[in-house]
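Below is protein-v4.txt, holding compact mmCIF, C-alpha atoms.
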```txt
# COMPACT_ATOMS: atom_id res chain seq x y z
CA MET A 1 0.00 0.00 0.00
CA THR A 2 1.46 3.37 -1.02
CA ALA A 3 1.45 6.25 1.47
CA ALA A 4 -0.57 9.28 0.52
CA THR A 5 1.49 12.17 -0.79
CA LYS A 6 1.08 15.86 -1.46
CA VAL A 7 2.96 17.97 -3.97
CA LEU A 8 4.79 20.96 -2.47
CA THR A 9 6.28 23.64 -4.67
CA ALA A 10 9.11 26.01 -3.80
CA HIS A 11 11.10 28.55 -5.76
CA VAL A 12 14.80 28.08 -5.04
CA PRO A 13 17.81 29.99 -6.33
CA LEU A 14 19.32 28.48 -9.47
CA PRO A 15 22.65 27.62 -7.81
CA LEU A 16 20.80 25.60 -5.16
CA ALA A 17 18.68 23.85 -7.79
CA ASP A 18 21.86 23.02 -9.72
CA LYS A 19 23.40 21.51 -6.59
CA VAL A 20 20.29 19.39 -6.05
CA ASP A 21 20.51 18.16 -9.63
CA GLN A 22 24.23 17.41 -9.26
CA MET A 23 23.60 15.50 -6.03
CA ALA A 24 20.77 13.53 -7.64
CA SER A 25 23.01 12.61 -10.56
CA ARG A 26 25.93 11.66 -8.32
CA LEU A 27 23.74 9.48 -6.08
CA GLU A 28 21.71 8.14 -9.01
CA ARG A 29 18.53 9.26 -7.29
CA SER A 30 15.68 11.47 -8.40
CA ARG A 31 15.49 15.17 -7.59
CA SER A 32 12.34 14.34 -5.62
CA TRP A 33 14.22 11.81 -3.48
CA ILE A 34 16.94 14.36 -2.71
CA MET A 35 14.36 16.96 -1.74
CA LYS A 36 12.50 14.51 0.53
CA GLN A 37 15.76 13.59 2.24
CA ALA A 38 16.71 17.23 2.75
CA LEU A 39 13.28 18.21 4.05
CA SER A 40 13.16 15.22 6.41
CA ALA A 41 16.61 16.07 7.80
CA TRP A 42 15.67 19.73 8.31
CA ILE A 43 12.43 18.82 10.08
CA ALA A 44 14.28 16.38 12.36
CA GLN A 45 16.85 19.11 13.14
CA GLU A 46 14.13 21.63 13.96
CA ASP A 47 12.26 19.08 16.11
CA GLU A 48 15.47 18.45 18.06
CA ARG A 49 16.12 22.18 18.42
CA ASP A 50 12.59 22.64 19.80
CA ARG A 51 13.03 19.70 22.19
CA LEU A 52 16.29 21.12 23.52
CA THR A 53 14.74 24.58 23.89
CA GLN A 54 11.81 23.17 25.86
CA GLU A 55 14.25 21.19 28.04
CA ALA A 56 16.31 24.33 28.69
CA LEU A 57 13.22 26.37 29.57
CA ALA A 58 12.12 23.65 31.99
CA ASP A 59 15.58 23.84 33.64
CA VAL A 60 15.19 27.62 33.99
CA ASP A 61 11.72 27.19 35.49
CA ALA A 62 13.17 24.65 37.94
CA GLY A 63 15.94 27.07 38.92
CA CYS A 64 18.72 24.96 37.39
CA VAL A 65 20.79 27.85 36.08
CA ILE A 66 24.37 29.07 36.38
CA ASN A 67 25.13 32.64 37.33
CA HIS A 68 26.11 34.73 34.29
CA GLN A 69 29.00 36.43 36.07
CA ALA A 70 30.42 33.03 37.06
CA VAL A 71 30.31 31.84 33.45
CA GLN A 72 31.85 35.07 32.20
CA ALA A 73 34.67 34.90 34.75
CA TRP A 74 35.33 31.27 33.80
CA ALA A 75 35.38 32.10 30.06
CA GLU A 76 37.76 35.00 30.59
CA SER A 77 40.08 32.78 32.64
CA LEU A 78 40.50 30.25 29.83
CA GLY A 79 43.20 32.29 28.11
CA THR A 80 45.22 32.65 31.29
CA GLY A 81 47.73 30.35 32.92
CA GLN A 82 45.25 29.54 35.69
CA PRO A 83 41.78 28.81 34.30
CA LEU A 84 38.94 28.68 36.79
CA PRO A 85 37.01 25.44 37.27
CA VAL A 86 33.86 25.04 35.17
CA PRO A 87 30.97 26.72 37.01
CA ARG A 88 28.24 24.39 38.18
```

Same coordinates, now as structure tokens:
Amino acid sequence: MTAATKVLTAHVPLPLADKVDQMASRLERSRSWIMKQALSAWIAQEDERDRLTQEALADVDAGCVINHQAVQAWAESLGTGQPLPVPR
């Protein structure tokens, strides 16, 4: 049984379209396959970014944060002969 599909159309710059065509040729795949792979990867990346953002916001709500001045002092100490320990 074939999954239902929907046609999506996008205008892309010619250099990007050329790269898609080159990739399709090199991989011996269709342009459509390349586009589905790229879109799937981007959606997965954005889903992960959203998950990490929600996790970080939950940490902030729970008070699990590190003082900004402590992080800044640590970062500034990295170029010195005596770096500070990582703030926790």

Identify, on the basis of all atoms listed in the file, every residue whose closest approach to segment 58-71 of chain A does not exceed 7 Å; exclude the query and any residue fewer than 4 positions from it along the same chain; express the result as a PyMOL selection string. chain A and resi 54+75+87-88

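Atom to atom, atom CA of Ser77 of chain A and atom CA of Ala56 of chain A stand 25.5 Å apart.
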
Determine the nearest neighbour of Trp74 of chain A from the options A:Ala38, A:Leu52, A:Val86, A:Glu46, counting only C-alpha atoms. A:Val86

Report as lines of an AutoDock Vina configuration file the centre and the edge lengths, in Å to one decimal, of the axis-aligned box holding every listed atom of segment 59-76 of chain A, padded by 8 Å on each side.
```
center_x = 24.7
center_y = 30.1
center_z = 34.5
size_x = 42.0
size_y = 28.6
size_z = 24.9
```

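Relative to atom CA of Gln22 of chain A, atom CA of Trp42 of chain A is found at 19.7 Å.
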
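Compared by their closest atoms to Leu39 of chain A, and using only C-alpha atoms, the residues A:Leu8, A:Leu57, A:Leu14, A:Ala3 rank with A:Leu8 nearest.
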
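The space separating atom CA of Ser25 of chain A from atom CA of Thr5 of chain A comes to 23.6 Å.
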
Block slice segment 45-61 of chain A, all heavy atoms, emitted as an mmCIF file, in the first residue's frame:
```
data_model
loop_
_atom_site.group_PDB
_atom_site.id
_atom_site.type_symbol
_atom_site.label_atom_id
_atom_site.label_comp_id
_atom_site.auth_asym_id
_atom_site.auth_seq_id
_atom_site.Cartn_x
_atom_site.Cartn_y
_atom_site.Cartn_z
ATOM 1 N N GLN A 45 15.973 18.150 12.466
ATOM 2 C CA GLN A 45 16.847 19.110 13.144
ATOM 3 C C GLN A 45 16.024 20.139 13.916
ATOM 4 O O GLN A 45 16.335 20.464 15.066
ATOM 5 C CB GLN A 45 17.731 19.809 12.116
ATOM 6 C CG GLN A 45 18.618 20.887 12.687
ATOM 7 C CD GLN A 45 19.407 21.603 11.597
ATOM 8 O OE1 GLN A 45 19.652 21.056 10.524
ATOM 9 N NE2 GLN A 45 19.798 22.821 11.863
ATOM 10 N N GLU A 46 14.974 20.640 13.302
ATOM 11 C CA GLU A 46 14.128 21.634 13.964
ATOM 12 C C GLU A 46 13.364 21.022 15.133
ATOM 13 O O GLU A 46 13.181 21.668 16.177
ATOM 14 C CB GLU A 46 13.164 22.277 12.966
ATOM 15 C CG GLU A 46 13.864 23.195 11.988
ATOM 16 C CD GLU A 46 14.629 24.321 12.666
ATOM 17 O OE1 GLU A 46 14.070 25.011 13.542
ATOM 18 O OE2 GLU A 46 15.811 24.512 12.325
ATOM 19 N N ASP A 47 12.917 19.777 14.994
ATOM 20 C CA ASP A 47 12.258 19.084 16.110
ATOM 21 C C ASP A 47 13.216 18.937 17.294
ATOM 22 O O ASP A 47 12.833 19.140 18.442
ATOM 23 C CB ASP A 47 11.746 17.707 15.684
ATOM 24 C CG ASP A 47 10.474 17.761 14.857
ATOM 25 O OD1 ASP A 47 9.822 18.824 14.814
ATOM 26 O OD2 ASP A 47 10.133 16.719 14.244
ATOM 27 N N GLU A 48 14.471 18.591 16.998
ATOM 28 C CA GLU A 48 15.468 18.449 18.060
ATOM 29 C C GLU A 48 15.777 19.800 18.696
ATOM 30 O O GLU A 48 15.904 19.905 19.916
ATOM 31 C CB GLU A 48 16.748 17.813 17.509
ATOM 32 C CG GLU A 48 17.846 17.646 18.537
ATOM 33 C CD GLU A 48 17.554 16.647 19.650
ATOM 34 O OE1 GLU A 48 16.473 16.032 19.667
ATOM 35 O OE2 GLU A 48 18.422 16.486 20.534
ATOM 36 N N ARG A 49 15.879 20.844 17.890
ATOM 37 C CA ARG A 49 16.121 22.183 18.421
ATOM 38 C C ARG A 49 14.978 22.598 19.359
ATOM 39 O O ARG A 49 15.210 23.123 20.437
ATOM 40 C CB ARG A 49 16.260 23.195 17.283
ATOM 41 C CG ARG A 49 16.611 24.594 17.758
ATOM 42 C CD ARG A 49 16.580 25.644 16.633
ATOM 43 N NE ARG A 49 17.024 25.183 15.348
ATOM 44 C CZ ARG A 49 18.248 25.391 14.844
ATOM 45 N NH1 ARG A 49 19.140 26.050 15.548
ATOM 46 N NH2 ARG A 49 18.552 24.948 13.649
ATOM 47 N N ASP A 50 13.743 22.311 18.963
ATOM 48 C CA ASP A 50 12.593 22.639 19.801
ATOM 49 C C ASP A 50 12.619 21.830 21.092
ATOM 50 O O ASP A 50 12.362 22.366 22.175
ATOM 51 C CB ASP A 50 11.290 22.388 19.050
ATOM 52 C CG ASP A 50 10.081 22.771 19.873
ATOM 53 O OD1 ASP A 50 9.964 23.964 20.235
ATOM 54 O OD2 ASP A 50 9.258 21.884 20.173
ATOM 55 N N ARG A 51 12.949 20.532 20.998
ATOM 56 C CA ARG A 51 13.027 19.697 22.194
ATOM 57 C C ARG A 51 14.066 20.235 23.174
ATOM 58 O O ARG A 51 13.805 20.344 24.377
ATOM 59 C CB ARG A 51 13.366 18.245 21.815
ATOM 60 C CG ARG A 51 13.339 17.286 23.015
ATOM 61 C CD ARG A 51 13.912 15.927 22.652
ATOM 62 N NE ARG A 51 15.351 15.973 22.430
ATOM 63 C CZ ARG A 51 16.258 16.075 23.392
ATOM 64 N NH1 ARG A 51 15.916 16.171 24.654
ATOM 65 N NH2 ARG A 51 17.552 16.090 23.094
ATOM 66 N N LEU A 52 15.232 20.590 22.655
ATOM 67 C CA LEU A 52 16.288 21.121 23.519
ATOM 68 C C LEU A 52 15.901 22.467 24.128
ATOM 69 O O LEU A 52 16.216 22.744 25.292
ATOM 70 C CB LEU A 52 17.595 21.248 22.734
ATOM 71 C CG LEU A 52 18.242 19.926 22.332
ATOM 72 C CD1 LEU A 52 19.397 20.168 21.368
ATOM 73 C CD2 LEU A 52 18.698 19.141 23.549
ATOM 74 N N THR A 53 15.198 23.296 23.360
ATOM 75 C CA THR A 53 14.737 24.579 23.886
ATOM 76 C C THR A 53 13.743 24.371 25.019
ATOM 77 O O THR A 53 13.840 25.014 26.073
ATOM 78 C CB THR A 53 14.097 25.425 22.766
ATOM 79 O OG1 THR A 53 15.088 25.686 21.774
ATOM 80 C CG2 THR A 53 13.557 26.741 23.299
ATOM 81 N N GLN A 54 12.799 23.457 24.814
ATOM 82 C CA GLN A 54 11.813 23.173 25.862
ATOM 83 C C GLN A 54 12.490 22.607 27.111
ATOM 84 O O GLN A 54 12.130 22.946 28.239
ATOM 85 C CB GLN A 54 10.732 22.210 25.350
ATOM 86 C CG GLN A 54 9.901 22.768 24.207
ATOM 87 C CD GLN A 54 9.273 24.115 24.524
ATOM 88 O OE1 GLN A 54 8.741 24.325 25.608
ATOM 89 N NE2 GLN A 54 9.342 25.029 23.576
ATOM 90 N N GLU A 55 13.492 21.762 26.918
ATOM 91 C CA GLU A 55 14.250 21.193 28.039
ATOM 92 C C GLU A 55 14.984 22.304 28.793
ATOM 93 O O GLU A 55 14.991 22.323 30.031
ATOM 94 C CB GLU A 55 15.243 20.169 27.490
ATOM 95 C CG GLU A 55 16.029 19.418 28.536
ATOM 96 C CD GLU A 55 16.966 18.412 27.892
ATOM 97 O OE1 GLU A 55 16.483 17.553 27.114
ATOM 98 O OE2 GLU A 55 18.179 18.495 28.159
ATOM 99 N N ALA A 56 15.586 23.219 28.061
ATOM 100 C CA ALA A 56 16.313 24.328 28.691
ATOM 101 C C ALA A 56 15.359 25.240 29.459
ATOM 102 O O ALA A 56 15.665 25.681 30.576
ATOM 103 C CB ALA A 56 17.083 25.124 27.638
ATOM 104 N N LEU A 57 14.200 25.526 28.874
ATOM 105 C CA LEU A 57 13.224 26.369 29.565
ATOM 106 C C LEU A 57 12.701 25.697 30.835
ATOM 107 O O LEU A 57 12.476 26.362 31.854
ATOM 108 C CB LEU A 57 12.067 26.717 28.622
ATOM 109 C CG LEU A 57 12.426 27.676 27.495
ATOM 110 C CD1 LEU A 57 11.270 27.788 26.512
ATOM 111 C CD2 LEU A 57 12.828 29.041 28.036
ATOM 112 N N ALA A 58 12.542 24.389 30.795
ATOM 113 C CA ALA A 58 12.124 23.654 31.993
ATOM 114 C C ALA A 58 13.202 23.750 33.069
ATOM 115 O O ALA A 58 12.890 23.892 34.268
ATOM 116 C CB ALA A 58 11.830 22.194 31.647
ATOM 117 N N ASP A 59 14.480 23.679 32.674
ATOM 118 C CA ASP A 59 15.579 23.843 33.637
ATOM 119 C C ASP A 59 15.535 25.225 34.273
ATOM 120 O O ASP A 59 15.720 25.373 35.482
ATOM 121 C CB ASP A 59 16.936 23.633 32.960
ATOM 122 C CG ASP A 59 17.274 22.175 32.738
ATOM 123 O OD1 ASP A 59 16.592 21.309 33.313
ATOM 124 O OD2 ASP A 59 18.225 21.905 31.975
ATOM 125 N N VAL A 60 15.284 26.250 33.472
ATOM 126 C CA VAL A 60 15.192 27.615 33.992
ATOM 127 C C VAL A 60 14.032 27.717 34.980
ATOM 128 O O VAL A 60 14.177 28.258 36.076
ATOM 129 C CB VAL A 60 15.032 28.641 32.849
ATOM 130 C CG1 VAL A 60 14.684 30.019 33.393
ATOM 131 C CG2 VAL A 60 16.306 28.704 32.016
ATOM 132 N N ASP A 61 12.873 27.160 34.598
ATOM 133 C CA ASP A 61 11.716 27.190 35.492
ATOM 134 C C ASP A 61 11.999 26.467 36.803
ATOM 135 O O ASP A 61 11.488 26.852 37.854
ATOM 136 C CB ASP A 61 10.491 26.569 34.814
ATOM 137 C CG ASP A 61 9.927 27.430 33.696
ATOM 138 O OD1 ASP A 61 10.263 28.637 33.641
ATOM 139 O OD2 ASP A 61 9.155 26.893 32.877
#
```
